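Engineer: Mind having a look at this structure? Questions to follow.
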Amino acid sequence: MKHIMTKSVKPSIISQNNIICEVNNEFIQLSGYLKHELIGKTLTELSKMIRISSQICFEDIKKRATCYMFTKEREPREVTITFDDFNLNEKTYIISEVINSRLEDALPVVNRLMSDNENGTAIYSSNNVIILNLNQNYLNLQYGRSIKIEDFISRPIQDVYHEENGRDFTLELSKVLKDGKSIYKKEMKYQHSQRGDTYYNSSLIPVFKNGKIKLIVHSVSDVTEFVLNRILVTKQRQELNSIIQSMSDGLYLVDKDYKFTLLNRGSKEFLYEPDSIKTLKDALKNAQYFDSDGKLLEIKDTVSYKVLNGENIKNSRIKVKRPDGIFYFSVSGSSIYDENGDIEKAIICTRDITEQESREELIKVQNEKLKIIMDNMSDELMICDQNGHYTMLNKTFRKNAYLDNNELSVSLDHNEVEHFDIEGKMIPLEDFPSKRVAKGEKICGYRMDAKRGNVTIHKEVNGTPIYDSKGDFIAGIIISRDIGDRLKSEENLLKKVQGELLTRTVENLNLAYITASYPDFIITYMNSQALRNLKGINDQVSTKNVSDIIGTSYLEYFMFNRDEIDKVKNSLNDLTDKKGNAYYFFRHFIFKGKDLFIKVMFQPMYDVNKDVYQIVIISIDLTEQIVAKNELEKALITQDEIFANISHELKTPLNVIFTANQLTEYNLKNSSLEDHEKSEMHRNINLIKQNCYRFMKLINNIVDLSKLDSGFFKINLSNENIVEVIENIVESVVEYTNEKGLQILFDTDIEEKILACDPNKLERILLNLISNAIKFSNPGSEIFVGIIDKGQSVEISVKDTGVGIDEKHLSTIFERFHQIDKTLARNAEGSGIGLSLVKSIVDLHGGKISVDSQVGKGSIFKVELPVKLIDQTILLEKSEQGRDRVEMIKIEFSDIYH
């Protein structure tokens with residue numbers, strides 16, 4: 001069905017079955033909504049859109065109703081709604097705005113109120129008491145910033161205020177509506193949901209129209225900070241007053257009229273009979289007040305007067321003479337200013353120092369007595385504080401030569417004075433006696449020197465810290481004594497005693513003894529042996545008297561050449577700079593065709609200041625010893641040549657025996673002798689051959705020992721793979737161990753290790769150790785040869801499971817000619833040279849050898865060689881490189897009986 005709106009200037013809507021089916025343009029203009037936003041909505045939904053639900057519902061309107069509707073922009077409009085039901089199927093509502101009913105008409109300042117950033121404002125309607133408008137500040141005060149204005153527009157007062165706060169406000173609002181009078185309230189307390197206790201000022205103002213209340217304006221301003229500050233100030237003032245009254249010190253206030261406005265209990269000690277005192281003048285009548293100089297105070301001299309006139313007084317000492325006694329106070333005062341910057345009052349603090357004053361007076365008397373005692377001491381006496389700074393010095397300290405007369409206060413950092421310890425090292429500030437005592441150290445007999453310019457004072461210092469009953473440091477006492485005269489006396493006495501003793505000693509010794517000045521080396525004393533030595537090197541000296549030589553130059557008279565003089569002087573300069581003890585100089589020269597060898601010792605003599613005051617020169621004639629040594633060296637060389645010749649001569653018949661033995665052996669093979677005859681002949685030949693090898697081994701060992709003793713035994717080092725060298729030696733003796741019914745095993749934890757060694761000498765070592773293992777092992781036993789890599793060294797071991805060695809022999813087994821079994825029934829031959837020679841060869845390699853053994857369980861010999869390399873370009877010629885290993889094995893194994 002098509003609906004036709006009657007032409008009317010009034011806004012209207014048409015509904016069918018409570019659903020809006022038509023609106024005119026006038027209602028669209030009034031509400032601010034678009035047509036499509038309205039069509040199809042129910043009357044209930046429309047009531048919510050124009051916010052009349054809290055006042056009335058469309059369905060409840062019978063004929064006419066007046067209420068406030070709100071536009072889309074939340075602007076309030078007072079309207080009259082008329083209901084027309086001439087058509088049963090349709091309902092028509094005419095909404096007419098009341099003339100001159102808008103807020104700005106009744107309240108022109110409404111926009112200014114709403115934009116106020118300081119205060120919160122809400123406008124309520126007089127009928128139905130709903131919110132027509134409000135600003136954000138109003139909501140912030142009640143709920144906080146999370147609530148939006150649109151959520152409260154058109155809502156009744158019950159929705160804004162809750163519980164107790166809502167009941168109070170509702171009553172106040174009702175009273176305004178009834179009486180028509182404004183209500184103002186200050187500092188109302190409100191329990192804010194987020195901020196807790198909140199305080200605000202509130203005003204409810206009715207707005208009239210035509211003699212009737214039309215609107216009510218509610219304004220609020222947050223005064224929480226102001227109220228809380230005032231509460232805090234009040235509380236602090238109460239607390240301050242309690243503190244002031246509880247103070248042990250006195251405190252009082254004086255205004256600019258010199259009247260007392262506040263007196264605490266402590267001030268009554270300073271103001272005699274305070275109950276009778278009103279003004280400053282009254283106080284001066286009851287007692288007499290004196291300053292620290294003993295001057296009687298008038299009003300203008302008092303601390304209160306001075307503070308009221310702008311002075312700031314701190315710790316002024318006041319003497320109070322009262323009928324009940326004399327008392328002392330420390331008084332301080334400050335000014336109190338008003339808001340204009342003018343002095344309003346004086347606050348005065350007093351402290352009773354009578355007891356302290358008595359103690360100080362006692363201390364002053366004691367200090368005077370102490371000062372008298374200190375100043376009459378012959379020793380220096382100093383008192384220092386906890387920082388190590390001097391606080392008191394006695395007269396002896398002040399008059400010392402290294403201090404000026406005005407140098408009394410005394411910090412430790414004198415730029416002019418240097419302090420040194422007994423070793424001549426400068427003493428740093430932190431190690432100064434006063435600093436050490438201040439740290440709690442007790443000093444006893446500490447030696448130090450104080451130097452200022454050319455003046456040096458030698459001191460002995462003692463010091464001790466002083467503590468109070470609580471263990472706190474009070475002061476340090478340092479006593480210093482000038483020991484210069486004592487040291488000089490001791491030094492002179494020591495020089496005299498030493499000189500006399502030395503003179504008696506050197507005259508009885510076969511030593512040349514001379515003393516000379518330094519650095520010019522002028523002879524100041526010499527003994528008779530020195531004169532004899534001088535004549536033995538200087539044919540121009542003919543005197544028999546030592547005194548004729550005193551005062552001459554030692555270096556010239558004793559025939560030092562220019563190079564020797566420079567070397568001696570430079571060496572002694574270096575020695576004395578380092579405060580060293582002695583310098584030795586060897587001289588070799590030819591005098592009258594004879595070689596002379598002299599050892600000269602130069603001994604600097606130091607005084608207490610570590611300065612050289614003379615040189616002691618001792619000469620020792622080494623000519624006989626050196627000549628004898630040279631002769632001995634020649635004899636040793638000759639002896640070695642003799643041994644070499646004897647070795648050659650012994651080997652010559654041996655070679656002849658070997659040749660004859662080989663020839664006999666050859667003929668034996670081709671002869672027609674019977675088998676038993678051949679067998680006997682072979683046995684005898686082998687016996688001859690074995691003993692020849694034993695003879696050869698003994699000769700070789702004797703010759704090598706001779707070379708070792710004379711220093712001619714050399715090793716020819718080369719860089720070799722030690723694993724390969726040892727393994728080849730072990731493989732070469734397998735046949736011999738098998739013949740003895742033994743098994744030899746070789747094991748290594750590395751495949752290659754290069755080091756510098758003499759392979760032939762290593763073969764000699766290993767064959768000797770394996771030979772011993774074979775001799776002392778039973779058939780069926782095993783011999784183990786092993787190599788272990790130790791990084792910086794290599795360990796070679798030979799282990800057997802034979803008879804073992806008694807523990808008592810282990811410490812001497814490497815000594816020359818040492819034999820474990822000396823009986824005629826021993827089962828193996830040996831000269832006792834082999835292991836000694838082995839140890840010497842190991843030593844020449846820079847290695848070491850050791851043995852560990854148990855009787856009945858066997859022995860293990862360990863050779864440890866260092867891992868080092870040599871430059872292959874400087875290898876010595878390997879004279880024995882071509883030696884036949886089979887021949888060497890026969891020689892080394894020659895003392896093993898078959």
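By order in the structure tokens, chains are A, B, ...; within a chain, residues start at 1; ligands start at 1, following the order shown.
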Quick one: residues within 9 Å of Ile94 of chain A, only C-alpha atoms counted, chain neighbours fewer than 2 positions away excluded, as a ChimeraX atom specification?

Structural biologist: /A:10-14,27,80-84,92,96

Engineer: Could those selected residues go to a file with N, CA, C and O atoms, as a PDB file, in the first residue's frame?

Structural biologist:
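Resulting contents of part-v6.pdb:
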```
ATOM      1  N   LYS A  10       5.209  20.462   9.911  1.00  0.00           N
ATOM      2  CA  LYS A  10       5.722  19.843  11.137  1.00  0.00           C
ATOM      3  C   LYS A  10       6.314  18.480  10.819  1.00  0.00           C
ATOM      4  O   LYS A  10       5.791  17.746  10.006  1.00  0.00           O
ATOM      5  N   PRO A  11       7.406  18.151  11.522  1.00  0.00           N
ATOM      6  CA  PRO A  11       8.017  16.837  11.310  1.00  0.00           C
ATOM      7  C   PRO A  11       7.063  15.737  11.729  1.00  0.00           C
ATOM      8  O   PRO A  11       6.352  15.869  12.721  1.00  0.00           O
ATOM      9  N   SER A  12       7.057  14.676  10.970  1.00  0.00           N
ATOM     10  CA  SER A  12       6.152  13.578  11.308  1.00  0.00           C
ATOM     11  C   SER A  12       6.715  12.265  10.788  1.00  0.00           C
ATOM     12  O   SER A  12       7.542  12.255   9.880  1.00  0.00           O
ATOM     13  N   ILE A  13       6.215  11.201  11.426  1.00  0.00           N
ATOM     14  CA  ILE A  13       6.588   9.856  10.998  1.00  0.00           C
ATOM     15  C   ILE A  13       5.320   9.026  10.944  1.00  0.00           C
ATOM     16  O   ILE A  13       4.334   9.308  11.641  1.00  0.00           O
ATOM     17  N   ILE A  14       5.325   8.010  10.105  1.00  0.00           N
ATOM     18  CA  ILE A  14       4.183   7.090   9.990  1.00  0.00           C
ATOM     19  C   ILE A  14       4.704   5.690  10.226  1.00  0.00           C
ATOM     20  O   ILE A  14       5.723   5.289   9.669  1.00  0.00           O
ATOM     21  N   PHE A  27      11.128  16.092   9.548  1.00  0.00           N
ATOM     22  CA  PHE A  27      11.671  15.257  10.630  1.00  0.00           C
ATOM     23  C   PHE A  27      13.131  14.894  10.355  1.00  0.00           C
ATOM     24  O   PHE A  27      13.961  14.827  11.277  1.00  0.00           O
ATOM     25  N   THR A  80       7.133  18.385  21.297  1.00  0.00           N
ATOM     26  CA  THR A  80       5.815  17.855  21.682  1.00  0.00           C
ATOM     27  C   THR A  80       5.429  16.815  20.640  1.00  0.00           C
ATOM     28  O   THR A  80       5.429  17.096  19.436  1.00  0.00           O
ATOM     29  N   ILE A  81       5.140  15.598  21.123  1.00  0.00           N
ATOM     30  CA  ILE A  81       4.796  14.506  20.197  1.00  0.00           C
ATOM     31  C   ILE A  81       3.279  14.291  20.284  1.00  0.00           C
ATOM     32  O   ILE A  81       2.724  14.041  21.366  1.00  0.00           O
ATOM     33  N   THR A  82       2.625  14.406  19.091  1.00  0.00           N
ATOM     34  CA  THR A  82       1.160  14.226  19.019  1.00  0.00           C
ATOM     35  C   THR A  82       0.875  12.944  18.260  1.00  0.00           C
ATOM     36  O   THR A  82       1.444  12.699  17.191  1.00  0.00           O
ATOM     37  N   PHE A  83      -0.021  12.181  18.810  1.00  0.00           N
ATOM     38  CA  PHE A  83      -0.358  10.874  18.216  1.00  0.00           C
ATOM     39  C   PHE A  83      -1.691  10.984  17.467  1.00  0.00           C
ATOM     40  O   PHE A  83      -2.683  11.452  18.015  1.00  0.00           O
ATOM     41  N   ASP A  84      -1.709  10.544  16.194  1.00  0.00           N
ATOM     42  CA  ASP A  84      -2.931  10.580  15.373  1.00  0.00           C
ATOM     43  C   ASP A  84      -3.177   9.155  14.886  1.00  0.00           C
ATOM     44  O   ASP A  84      -2.384   8.589  14.148  1.00  0.00           O
ATOM     45  N   THR A  92       0.334   7.819  13.073  1.00  0.00           N
ATOM     46  CA  THR A  92       1.091   9.007  12.669  1.00  0.00           C
ATOM     47  C   THR A  92       1.475   9.778  13.921  1.00  0.00           C
ATOM     48  O   THR A  92       0.646  10.037  14.796  1.00  0.00           O
ATOM     49  N   SER A  96       6.739  18.229  17.216  1.00  0.00           N
ATOM     50  CA  SER A  96       6.862  19.686  17.063  1.00  0.00           C
ATOM     51  C   SER A  96       7.870  20.204  18.086  1.00  0.00           C
ATOM     52  O   SER A  96       7.764  19.921  19.294  1.00  0.00           O
TER      53      SER A  96
END
```

Engineer: Using only C-alpha atoms, determine which residues lie at most 9 Å from segment 62-70 of chain A, disregarding the query and same-chain residues fewer than 2 positions distant; provide the list as a PyMOL selection string.

Structural biologist: chain A and resi 31+47+49-52+55-56+58-60+72-84+98+125+127-128+130+132+153-154

Engineer: My list of candidates is A:Ile95, A:Asn17, A:Gln142, A:Tyr583. Which is closest to Gln29 of chain A when distances are computed with only C-alpha atoms?

Structural biologist: A:Ile95

Engineer: In Å, with one decimal, what is the gap from atom CA of Ile39 of chain A to atom CA of Glu97 of chain A?

Structural biologist: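 Distance between the two atoms: 21.3 Å.
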
Engineer: Calculated over only C-alpha atoms, which of the candidates A:Arg317, A:Phe861, A:Glu556, A:Glu423 has the smallest distance to Asn538 of chain A?

Structural biologist: A:Glu556

Engineer: Going by DSSP on the backbone, which residues of segment 114-294 of chain A come out as helix (DSSP H, G or I)? List them as a ChimeraX atom specification.

Structural biologist: /A:114,136-142,149-151,157-160,163-179,224-246,265-269,274-276,280-286

Engineer: Can you measure atom CA of Phe169 of chain A to atom CA of Ile216 of chain A for me? One decimal in Å is fine.

Structural biologist: 12.5 Å

Engineer: Using only C-alpha atoms, pick whichever of A:Ser528, A:Asn241, A:Ser15, A:Asn738 has the shortest atom-to-atom distance to Lys91 of chain A.

Structural biologist: A:Ser15

Engineer: Tell me which of A:Leu38, A:Leu705, A:Ile363, A:Leu215 sits closest to Leu103 of chain A, counting only C-alpha atoms.

Structural biologist: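 Counting only C-alpha atoms, the residue closest to Leu103 of chain A is A:Leu215.
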
Engineer: Could you write out, as a list in words, all the residues of segment 76-150 of chain A that DSSP marks as strand (DSSP E or B)?

Structural biologist: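 In segment 76-150 of chain A, DSSP puts these residues in strand (DSSP E or B): Pro76, Arg77, Glu78, Val79, Thr80, Ile81, Thr82, Phe83, Asp84, Lys91, Thr92, Tyr93, Ile94, Ile95, Ser96, Glu97, Gly120, Thr121, Ala122, Ile123, Tyr124, Ser125, Ile130, Ile131, Leu132, Asn133 and Leu134 of chain A.
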
Engineer: Need to verify the contact set: Ser619 of chain A, 9 Å, only C-alpha atoms, exclusion of same-chain residues closer than 4 positions in sequence. Can you return it as a VMD selection string?

Structural biologist: chain A and resid 511 to 514 530 533 598 to 602
